[in-house]
$ cat input11.csv   # CSV, N, CA and C atoms
chain,number,residue,atom,x,y,z
A,666,MET,N,120.8,80.9,106.2
A,666,MET,CA,121.4,81.0,107.5
A,666,MET,C,121.1,79.8,108.3
A,667,PRO,N,122.2,79.2,108.9
A,667,PRO,CA,122.0,78.0,109.7
A,667,PRO,C,121.1,78.2,111.0
A,668,GLN,N,120.5,77.2,111.4
A,668,GLN,CA,119.7,77.3,112.6
A,668,GLN,C,120.4,76.4,113.7
A,669,ILE,N,120.2,76.8,114.9
A,669,ILE,CA,120.6,76.0,116.1
A,669,ILE,C,119.3,75.7,116.8
A,670,ILE,N,119.1,74.4,116.9
A,670,ILE,CA,117.9,73.9,117.7
A,670,ILE,C,118.5,73.6,119.1
A,671,VAL,N,117.9,74.3,120.1
A,671,VAL,CA,118.4,74.1,121.5
A,671,VAL,C,117.3,73.3,122.2
A,672,LEU,N,117.8,72.1,122.7
A,672,LEU,CA,116.8,71.2,123.4
A,672,LEU,C,116.5,71.9,124.8
A,673,PRO,N,115.3,71.6,125.3
A,673,PRO,CA,114.9,72.2,126.5
A,673,PRO,C,115.9,72.0,127.7
A,674,HIS,N,116.1,73.0,128.5
A,674,HIS,CA,116.9,73.0,129.7
A,674,HIS,C,116.1,73.8,130.7
A,675,ALA,N,116.0,73.2,131.9
A,675,ALA,CA,115.1,73.8,132.9
A,675,ALA,C,115.4,75.3,133.3
A,676,ASP,N,116.7,75.6,133.3
A,676,ASP,CA,117.1,77.0,133.7
A,676,ASP,C,117.3,77.9,132.5
A,677,TYR,N,117.9,77.5,131.4
A,677,TYR,CA,118.3,78.4,130.4
A,677,TYR,C,117.3,78.5,129.2
A,678,CYS,N,116.5,77.5,129.0
A,678,CYS,CA,115.6,77.4,127.8
A,678,CYS,C,114.6,76.4,128.1
A,679,PRO,N,113.6,76.6,129.0
A,679,PRO,CA,112.7,75.6,129.4
A,679,PRO,C,111.8,75.0,128.3
A,680,GLU,N,111.5,75.8,127.3
A,680,GLU,CA,110.7,75.3,126.2
A,680,GLU,C,111.5,74.9,125.0
A,681,GLY,N,112.8,75.0,125.1
A,681,GLY,CA,113.7,74.7,123.9
A,681,GLY,C,113.6,75.9,123.0
A,682,ALA,N,114.4,76.0,121.9
A,682,ALA,CA,114.3,77.1,121.0
A,682,ALA,C,114.9,76.7,119.7
A,683,VAL,N,114.5,77.5,118.7
A,683,VAL,CA,115.2,77.4,117.4
A,683,VAL,C,115.6,78.8,117.0
A,684,ILE,N,116.9,79.0,116.8
A,684,ILE,CA,117.5,80.3,116.6
A,684,ILE,C,118.3,80.3,115.3
A,685,GLU,N,118.4,81.5,114.7
A,685,GLU,CA,119.2,81.6,113.5
A,685,GLU,C,120.6,82.0,114.0
A,686,ALA,N,121.6,81.5,113.3
A,686,ALA,CA,123.0,81.8,113.7
A,686,ALA,C,123.8,82.1,112.4
A,687,LYS,N,124.6,83.2,112.5
A,687,LYS,CA,125.4,83.5,111.3
A,687,LYS,C,126.6,82.5,111.3
A,688,THR,N,126.9,82.1,110.1
A,688,THR,CA,128.1,81.3,109.9
A,688,THR,C,129.3,82.1,110.4
A,689,GLY,N,130.2,81.4,111.1
A,689,GLY,CA,131.4,82.0,111.6
A,689,GLY,C,131.3,82.5,113.0
A,690,VAL,N,130.2,82.5,113.6
A,690,VAL,CA,130.1,82.9,115.1
A,690,VAL,C,130.1,81.6,115.9
A,691,SER,N,130.5,81.8,117.2
A,691,SER,CA,130.5,80.6,118.1
A,691,SER,C,129.1,80.3,118.5
A,692,VAL,N,128.9,79.0,118.8
A,692,VAL,CA,127.6,78.6,119.3
A,692,VAL,C,127.2,79.4,120.6
A,693,CYS,N,128.2,79.7,121.4
A,693,CYS,CA,128.0,80.4,122.7
A,693,CYS,C,127.5,81.8,122.3
A,694,ASP,N,128.1,82.5,121.4
A,694,ASP,CA,127.7,83.9,121.0
A,694,ASP,C,126.3,83.9,120.4
A,695,ALA,N,126.0,82.8,119.6
A,695,ALA,CA,124.7,82.7,119.0
A,695,ALA,C,123.6,82.5,120.1
A,696,LEU,N,123.9,81.7,121.1
A,696,LEU,CA,122.9,81.5,122.2
A,696,LEU,C,122.7,82.8,123.0
A,697,LEU,N,123.8,83.4,123.3
A,697,LEU,CA,123.7,84.6,124.1
A,697,LEU,C,123.0,85.8,123.4
A,698,ALA,N,123.2,85.9,122.1
A,698,ALA,CA,122.5,86.9,121.3
A,698,ALA,C,121.0,86.6,121.2
A,699,ASN,N,120.6,85.4,121.5
A,699,ASN,CA,119.2,85.1,121.4
A,699,ASN,C,118.6,84.8,122.8
A,700,ASP,N,119.2,85.5,123.8
A,700,ASP,CA,118.7,85.5,125.2
A,700,ASP,C,118.7,84.1,125.8
A,701,ILE,N,119.6,83.2,125.4
A,701,ILE,CA,119.8,82.0,126.1
A,701,ILE,C,121.1,82.1,126.8
A,702,ASP,N,121.0,82.5,128.1
A,702,ASP,CA,122.1,82.9,128.9
A,702,ASP,C,123.0,81.8,129.5
A,703,ILE,N,123.6,81.0,128.5
A,703,ILE,CA,124.4,79.9,128.9
A,703,ILE,C,125.6,80.5,129.7
A,704,GLU,N,126.1,79.7,130.7
A,704,GLU,CA,127.2,80.1,131.5
A,704,GLU,C,128.4,80.2,130.6
A,705,HIS,N,129.3,81.2,130.9
A,705,HIS,CA,130.6,81.3,130.2
A,705,HIS,C,131.5,82.1,131.2
A,706,ALA,N,131.9,81.4,132.2
A,706,ALA,CA,132.6,82.0,133.4
A,706,ALA,C,134.0,82.6,133.0
A,707,CYS,N,134.6,82.0,131.9
A,707,CYS,CA,135.9,82.6,131.5
A,707,CYS,C,135.8,83.6,130.4
A,708,GLU,N,134.6,84.1,130.2
A,708,GLU,CA,134.3,85.1,129.2
A,708,GLU,C,134.7,84.6,127.8
A,709,LYS,N,134.5,83.3,127.5
A,709,LYS,CA,134.7,82.7,126.2
A,709,LYS,C,136.1,82.6,125.8
A,710,SER,N,137.0,82.4,126.7
A,710,SER,CA,138.5,82.4,126.4
A,710,SER,C,139.0,81.0,126.4
A,711,CYS,N,138.2,80.0,126.4
A,711,CYS,CA,138.6,78.6,126.4
A,711,CYS,C,139.5,78.3,127.7
A,712,ALA,N,138.9,78.7,128.8
A,712,ALA,CA,139.7,78.5,130.1
A,712,ALA,C,138.8,77.8,131.1
A,713,CYS,N,137.6,77.4,130.8
A,713,CYS,CA,136.8,76.7,131.7
A,713,CYS,C,135.9,75.7,131.0
A,714,THR,N,134.9,75.1,131.6
A,714,THR,CA,134.0,74.2,130.9
A,714,THR,C,132.5,74.6,131.1
A,715,THR,N,132.3,75.8,131.5
A,715,THR,CA,130.9,76.1,131.9
A,715,THR,C,130.0,76.3,130.7
A,716,CYS,N,130.5,76.5,129.5
A,716,CYS,CA,129.7,76.6,128.3
A,716,CYS,C,129.6,75.3,127.5
A,717,HIS,N,129.9,74.2,128.2
A,717,HIS,CA,129.9,72.9,127.5
A,717,HIS,C,128.5,72.6,127.0
A,718,VAL,N,128.5,72.1,125.7
A,718,VAL,CA,127.2,71.7,125.1
A,718,VAL,C,127.5,70.3,124.5
A,719,ILE,N,126.4,69.6,124.3
A,719,ILE,CA,126.5,68.3,123.6
A,719,ILE,C,125.8,68.5,122.2
A,720,VAL,N,126.5,68.3,121.2
A,720,VAL,CA,126.0,68.6,119.8
A,720,VAL,C,125.3,67.3,119.4
A,721,ARG,N,124.0,67.3,119.4
A,721,ARG,CA,123.2,66.1,119.0
A,721,ARG,C,123.1,65.9,117.5
A,722,GLU,N,123.1,66.9,116.8
A,722,GLU,CA,123.0,66.8,115.3
A,722,GLU,C,123.9,67.9,114.7
A,723,GLY,N,124.6,67.6,113.7
A,723,GLY,CA,125.5,68.6,113.0
A,723,GLY,C,126.9,68.6,113.5
A,724,PHE,N,127.3,67.7,114.4
A,724,PHE,CA,128.6,67.7,115.0
A,724,PHE,C,129.7,67.7,113.9
A,725,ASP,N,129.5,66.9,112.9
A,725,ASP,CA,130.6,66.8,111.9
A,725,ASP,C,130.8,68.1,111.0
A,726,SER,N,129.9,69.0,111.1
A,726,SER,CA,130.0,70.3,110.4
A,726,SER,C,131.0,71.2,111.1
A,727,LEU,N,131.2,71.0,112.4
A,727,LEU,CA,132.1,71.8,113.2
A,727,LEU,C,133.6,71.5,112.9
A,728,ASP,N,134.5,72.5,113.0
A,728,ASP,CA,135.9,72.2,112.9
A,728,ASP,C,136.3,71.3,114.1
A,729,GLU,N,137.3,70.6,114.0
A,729,GLU,CA,137.8,69.7,115.1
A,729,GLU,C,138.2,70.6,116.2
A,730,ALA,N,138.0,70.1,117.4
A,730,ALA,CA,138.4,70.8,118.6
A,730,ALA,C,140.0,70.8,118.7
A,731,GLU,N,140.5,71.9,119.2
A,731,GLU,CA,141.9,72.0,119.4
A,731,GLU,C,142.3,71.3,120.7
A,732,GLU,N,143.6,71.0,120.9
A,732,GLU,CA,144.0,70.3,122.0
A,732,GLU,C,143.6,70.9,123.3
A,733,LYS,N,143.7,72.2,123.4
A,733,LYS,CA,143.3,72.9,124.7
A,733,LYS,C,141.9,72.7,125.0
A,734,GLU,N,141.0,72.7,124.0
A,734,GLU,CA,139.6,72.5,124.3
A,734,GLU,C,139.4,71.0,124.7
A,735,GLU,N,140.1,70.1,124.0
A,735,GLU,CA,139.9,68.7,124.4
A,735,GLU,C,140.4,68.4,125.8
A,736,ASP,N,141.5,69.1,126.2
A,736,ASP,CA,141.9,68.9,127.6
A,736,ASP,C,140.9,69.4,128.6
A,737,LEU,N,140.3,70.6,128.3
A,737,LEU,CA,139.3,71.1,129.2
A,737,LEU,C,138.0,70.3,129.2
A,738,LEU,N,137.6,69.7,128.1
A,738,LEU,CA,136.4,68.9,128.0
A,738,LEU,C,136.5,67.7,128.9
A,739,ASP,N,137.8,67.2,129.1
A,739,ASP,CA,138.0,66.1,130.0
A,739,ASP,C,137.4,66.3,131.4
A,740,LYS,N,137.3,67.6,131.8
A,740,LYS,CA,136.9,68.0,133.1
A,740,LYS,C,135.4,68.3,133.2
A,741,ALA,N,134.7,68.3,132.0
A,741,ALA,CA,133.3,68.8,132.0
A,741,ALA,C,132.4,67.7,132.5
A,742,TRP,N,131.3,68.2,133.2
A,742,TRP,CA,130.3,67.3,133.7
A,742,TRP,C,129.5,66.7,132.5
A,743,GLY,N,129.3,65.4,132.5
A,743,GLY,CA,128.4,64.8,131.5
A,743,GLY,C,129.1,64.7,130.1
A,744,LEU,N,130.4,64.6,130.1
A,744,LEU,CA,131.1,64.5,128.8
A,744,LEU,C,130.6,63.4,127.9
A,745,GLU,N,130.4,63.7,126.7
A,745,GLU,CA,130.1,62.7,125.7
A,745,GLU,C,131.0,62.8,124.5
A,746,PRO,N,131.0,61.8,123.6
A,746,PRO,CA,131.9,61.9,122.4
A,746,PRO,C,131.6,63.2,121.5
A,747,ASN,N,130.4,63.7,121.5
A,747,ASN,CA,130.1,64.8,120.7
A,747,ASN,C,129.9,66.1,121.6
A,748,SER,N,130.7,66.2,122.7
A,748,SER,CA,130.7,67.4,123.5
A,748,SER,C,131.6,68.4,122.9
A,749,ARG,N,131.3,69.7,123.1
A,749,ARG,CA,132.1,70.8,122.7
A,749,ARG,C,132.0,71.9,123.7
A,750,LEU,N,132.9,72.8,123.7
A,750,LEU,CA,132.8,74.0,124.4
A,750,LEU,C,132.1,75.0,123.5
A,751,SER,N,131.0,75.5,123.8
A,751,SER,CA,130.2,76.3,122.8
A,751,SER,C,131.0,77.6,122.4
A,752,CYS,N,131.9,78.1,123.3
A,752,CYS,CA,132.7,79.2,122.9
A,752,CYS,C,133.7,78.9,121.8
A,753,GLN,N,134.0,77.7,121.6
A,753,GLN,CA,135.0,77.2,120.6
A,753,GLN,C,134.4,76.6,119.4
A,754,ALA,N,133.1,76.2,119.5
A,754,ALA,CA,132.4,75.6,118.4
A,754,ALA,C,131.9,76.7,117.4
A,755,ILE,N,132.4,76.8,116.2
A,755,ILE,CA,132.0,77.8,115.3
A,755,ILE,C,131.0,77.3,114.3
A,756,VAL,N,129.9,78.0,114.2
A,756,VAL,CA,128.8,77.6,113.3
A,756,VAL,C,129.3,77.6,111.9
A,757,ALA,N,129.1,76.5,111.2
A,757,ALA,CA,129.4,76.4,109.7
A,757,ALA,C,128.1,76.7,109.0
A,758,ASP,N,127.9,75.9,107.9
A,758,ASP,CA,126.7,76.2,107.1
A,758,ASP,C,125.6,75.1,107.3
A,759,GLU,N,125.8,74.3,108.3
A,759,GLU,CA,124.8,73.2,108.6
A,759,GLU,C,124.1,73.5,109.9
A,760,ASP,N,122.8,73.1,110.0
A,760,ASP,CA,122.0,73.3,111.2
A,760,ASP,C,122.6,72.4,112.3
A,761,LEU,N,122.4,72.9,113.5
A,761,LEU,CA,122.9,72.2,114.7
A,761,LEU,C,121.8,71.9,115.7
A,762,THR,N,121.8,70.8,116.4
A,762,THR,CA,121.0,70.6,117.5
A,762,THR,C,121.9,70.4,118.7
A,763,VAL,N,121.7,71.3,119.8
A,763,VAL,CA,122.5,71.2,120.9
A,763,VAL,C,121.7,71.0,122.2
A,764,GLU,N,122.4,70.4,123.1
A,764,GLU,CA,121.8,70.1,124.5
A,764,GLU,C,122.8,70.8,125.5
A,765,ILE,N,122.2,71.6,126.3
A,765,ILE,CA,123.0,72.2,127.4
A,765,ILE,C,122.9,71.2,128.6
A,766,PRO,N,124.0,70.7,129.1
A,766,PRO,CA,124.0,69.7,130.2
A,766,PRO,C,123.3,70.3,131.4
A,767,LYS,N,122.7,69.4,132.2
A,767,LYS,CA,122.0,69.9,133.4
A,767,LYS,C,122.9,70.6,134.4
A,768,TYR,N,124.2,70.2,134.5
A,768,TYR,CA,125.1,70.7,135.5
A,768,TYR,C,126.4,71.2,134.9
A,769,THR,N,127.1,72.0,135.6
A,769,THR,CA,128.5,72.4,135.2
A,769,THR,C,129.3,72.2,136.5
A,770,ILE,N,130.6,72.3,136.3
A,770,ILE,CA,131.5,72.2,137.5
A,770,ILE,C,131.6,73.6,138.2
A,771,ASN,N,131.0,74.6,137.7
A,771,ASN,CA,131.0,75.9,138.3
A,771,ASN,C,130.2,75.9,139.6
A,772,HIS,N,130.8,76.4,140.7
A,772,HIS,CA,130.1,76.3,141.9
A,772,HIS,C,129.2,77.6,142.2
A,773,ALA,N,129.4,78.6,141.5
A,773,ALA,CA,128.7,79.8,141.6
A,773,ALA,C,128.3,80.4,140.3
A,774,LYS,N,127.0,80.8,140.1
A,774,LYS,CA,126.6,81.3,138.8
A,774,LYS,C,126.4,82.8,138.9
A,775,GLU,N,126.8,83.5,138.0
A,775,GLU,CA,126.6,85.0,137.9
A,775,GLU,C,125.1,85.2,137.7
A,776,GLY,N,124.5,86.2,138.4
A,776,GLY,CA,123.2,86.6,138.2
A,776,GLY,C,122.1,85.6,138.7
A,777,HIS,N,122.5,84.6,139.5
A,777,HIS,CA,121.5,83.6,139.9
A,777,HIS,C,121.4,83.6,141.4

$ encode --input "input11.csv" --output "structure tokens"
Amino acid sequence: MPQIIVLPHADYCPEGAVIEAKTGVSVCDALLANDIDIEHACEKSCACTTCHVIVREGFDSLDEAEEKEEDLLDKAWGLEPNSRLSCQAIVADEDLTVEIPKYTINHAKEGH
């Protein structure tokens, strides 16, 4: 089973984490299932950028982003060439290392 290494993030995962993820699930669902409460304001429907992650390792194992995701990523804070919306990035059979950016364009966070 592939692992997702989550780099430390002050709010969501201060110590960082290594989690197991089933092949075929989204990175967002894997994080949420392991108590890493990444924002997902559009309920994972590819309609916002709050679940933006930067894939530091394993990026090439992910399917290519579709045009809708690419268009949304253009609006994401801290966009990098290896950025993905975690709700659209489906875990393959390779380990991933992801970084959750410090900020999102969301002005209000649920539960904070």

$ residues_around --input "input11.csv" --residues "region 673-688 of chain A" --least-positions-apart "2" --cutoff "8 Å" --atoms "only C-alpha atoms" --output "ChimeraX atom specification"
/A:666-671,690,692,695-696,699,701-703,755-758,764-767

$ write_last_selection --input "input11.csv" --atoms "N, CA and C atoms" --output "PDB file, in the coordinates of the input"
ATOM      1  N   MET A 666     120.800  80.900 106.200  1.00  0.00           N
ATOM      2  CA  MET A 666     121.400  81.000 107.500  1.00  0.00           C
ATOM      3  C   MET A 666     121.100  79.800 108.300  1.00  0.00           C
ATOM      4  N   PRO A 667     122.200  79.200 108.900  1.00  0.00           N
ATOM      5  CA  PRO A 667     122.000  78.000 109.700  1.00  0.00           C
ATOM      6  C   PRO A 667     121.100  78.200 111.000  1.00  0.00           C
ATOM      7  N   GLN A 668     120.500  77.200 111.400  1.00  0.00           N
ATOM      8  CA  GLN A 668     119.700  77.300 112.600  1.00  0.00           C
ATOM      9  C   GLN A 668     120.400  76.400 113.700  1.00  0.00           C
ATOM     10  N   ILE A 669     120.200  76.800 114.900  1.00  0.00           N
ATOM     11  CA  ILE A 669     120.600  76.000 116.100  1.00  0.00           C
ATOM     12  C   ILE A 669     119.300  75.700 116.800  1.00  0.00           C
ATOM     13  N   ILE A 670     119.100  74.400 116.900  1.00  0.00           N
ATOM     14  CA  ILE A 670     117.900  73.900 117.700  1.00  0.00           C
ATOM     15  C   ILE A 670     118.500  73.600 119.100  1.00  0.00           C
ATOM     16  N   VAL A 671     117.900  74.300 120.100  1.00  0.00           N
ATOM     17  CA  VAL A 671     118.400  74.100 121.500  1.00  0.00           C
ATOM     18  C   VAL A 671     117.300  73.300 122.200  1.00  0.00           C
ATOM     19  N   VAL A 690     130.200  82.500 113.600  1.00  0.00           N
ATOM     20  CA  VAL A 690     130.100  82.900 115.100  1.00  0.00           C
ATOM     21  C   VAL A 690     130.100  81.600 115.900  1.00  0.00           C
ATOM     22  N   VAL A 692     128.900  79.000 118.800  1.00  0.00           N
ATOM     23  CA  VAL A 692     127.600  78.600 119.300  1.00  0.00           C
ATOM     24  C   VAL A 692     127.200  79.400 120.600  1.00  0.00           C
ATOM     25  N   ALA A 695     126.000  82.800 119.600  1.00  0.00           N
ATOM     26  CA  ALA A 695     124.700  82.700 119.000  1.00  0.00           C
ATOM     27  C   ALA A 695     123.600  82.500 120.100  1.00  0.00           C
ATOM     28  N   LEU A 696     123.900  81.700 121.100  1.00  0.00           N
ATOM     29  CA  LEU A 696     122.900  81.500 122.200  1.00  0.00           C
ATOM     30  C   LEU A 696     122.700  82.800 123.000  1.00  0.00           C
ATOM     31  N   ASN A 699     120.600  85.400 121.500  1.00  0.00           N
ATOM     32  CA  ASN A 699     119.200  85.100 121.400  1.00  0.00           C
ATOM     33  C   ASN A 699     118.600  84.800 122.800  1.00  0.00           C
ATOM     34  N   ILE A 701     119.600  83.200 125.400  1.00  0.00           N
ATOM     35  CA  ILE A 701     119.800  82.000 126.100  1.00  0.00           C
ATOM     36  C   ILE A 701     121.100  82.100 126.800  1.00  0.00           C
ATOM     37  N   ASP A 702     121.000  82.500 128.100  1.00  0.00           N
ATOM     38  CA  ASP A 702     122.100  82.900 128.900  1.00  0.00           C
ATOM     39  C   ASP A 702     123.000  81.800 129.500  1.00  0.00           C
ATOM     40  N   ILE A 703     123.600  81.000 128.500  1.00  0.00           N
ATOM     41  CA  ILE A 703     124.400  79.900 128.900  1.00  0.00           C
ATOM     42  C   ILE A 703     125.600  80.500 129.700  1.00  0.00           C
ATOM     43  N   ILE A 755     132.400  76.800 116.200  1.00  0.00           N
ATOM     44  CA  ILE A 755     132.000  77.800 115.300  1.00  0.00           C
ATOM     45  C   ILE A 755     131.000  77.300 114.300  1.00  0.00           C
ATOM     46  N   VAL A 756     129.900  78.000 114.200  1.00  0.00           N
ATOM     47  CA  VAL A 756     128.800  77.600 113.300  1.00  0.00           C
ATOM     48  C   VAL A 756     129.300  77.600 111.900  1.00  0.00           C
ATOM     49  N   ALA A 757     129.100  76.500 111.200  1.00  0.00           N
ATOM     50  CA  ALA A 757     129.400  76.400 109.700  1.00  0.00           C
ATOM     51  C   ALA A 757     128.100  76.700 109.000  1.00  0.00           C
ATOM     52  N   ASP A 758     127.900  75.900 107.900  1.00  0.00           N
ATOM     53  CA  ASP A 758     126.700  76.200 107.100  1.00  0.00           C
ATOM     54  C   ASP A 758     125.600  75.100 107.300  1.00  0.00           C
ATOM     55  N   GLU A 764     122.400  70.400 123.100  1.00  0.00           N
ATOM     56  CA  GLU A 764     121.800  70.100 124.500  1.00  0.00           C
ATOM     57  C   GLU A 764     122.800  70.800 125.500  1.00  0.00           C
ATOM     58  N   ILE A 765     122.200  71.600 126.300  1.00  0.00           N
ATOM     59  CA  ILE A 765     123.000  72.200 127.400  1.00  0.00           C
ATOM     60  C   ILE A 765     122.900  71.200 128.600  1.00  0.00           C
ATOM     61  N   PRO A 766     124.000  70.700 129.100  1.00  0.00           N
ATOM     62  CA  PRO A 766     124.000  69.700 130.200  1.00  0.00           C
ATOM     63  C   PRO A 766     123.300  70.300 131.400  1.00  0.00           C
ATOM     64  N   LYS A 767     122.700  69.400 132.200  1.00  0.00           N
ATOM     65  CA  LYS A 767     122.000  69.900 133.400  1.00  0.00           C
ATOM     66  C   LYS A 767     122.900  70.600 134.400  1.00  0.00           C
TER      67      LYS A 767
END

$ closest_residue --input "input11.csv" --among "A:Thr769, A:Asp700, A:Asp694, A:Thr714" --to "Asp739 (chain A)" --atoms "only C-alpha atoms"
A:Thr714

$ atom_distance --input "input11.csv" --atom1 "atom N of Leu738 (chain A)" --atom2 "CA of Asp760 (chain A)"
23.3 Å

$ residues_near_point --input "input11.csv" --point "(136.1, 67.3, 126.2)" --cutoff "12 Å" --atoms "only C-alpha atoms" --output "PyMOL selection string"
chain A and resi 711+713-719+729-751+753-754

$ select_by_dssp --input "input11.csv" --residues "chain A" --states "strand (DSSP E)" --output "list in words"
Gln668, Ile669, Ile670, Val671, Ala682, Val683, Ile684, Glu685, His717, Val718, Ile719, Val720, Arg721, Glu722, Ser748, Arg749, Leu750, Leu761, Thr762, Val763 and Glu764 of chain A

$ atom_distance --input "input11.csv" --atom1 "atom N of Cys707 (chain A)" --atom2 "atom N of Tyr768 (chain A)"
15.9 Å

$ atom_distance --input "input11.csv" --atom1 "atom N of Glu722 (chain A)" --atom2 "CA of Leu697 (chain A)"
19.2 Å

$ closest_residue --input "input11.csv" --among "A:Thr762, A:Ile770, A:Asp725, A:His705" --to "Cys693 (chain A)" --atoms "all atoms listed in the file"
A:His705

$ select_by_dssp --input "input11.csv" --residues "chain A" --states "alpha helix (DSSP H)" --output "JSON, numbers by chain"
{"A": [692, 693, 694, 695, 696, 697, 698, 732, 733, 734, 735, 736, 737, 738]}
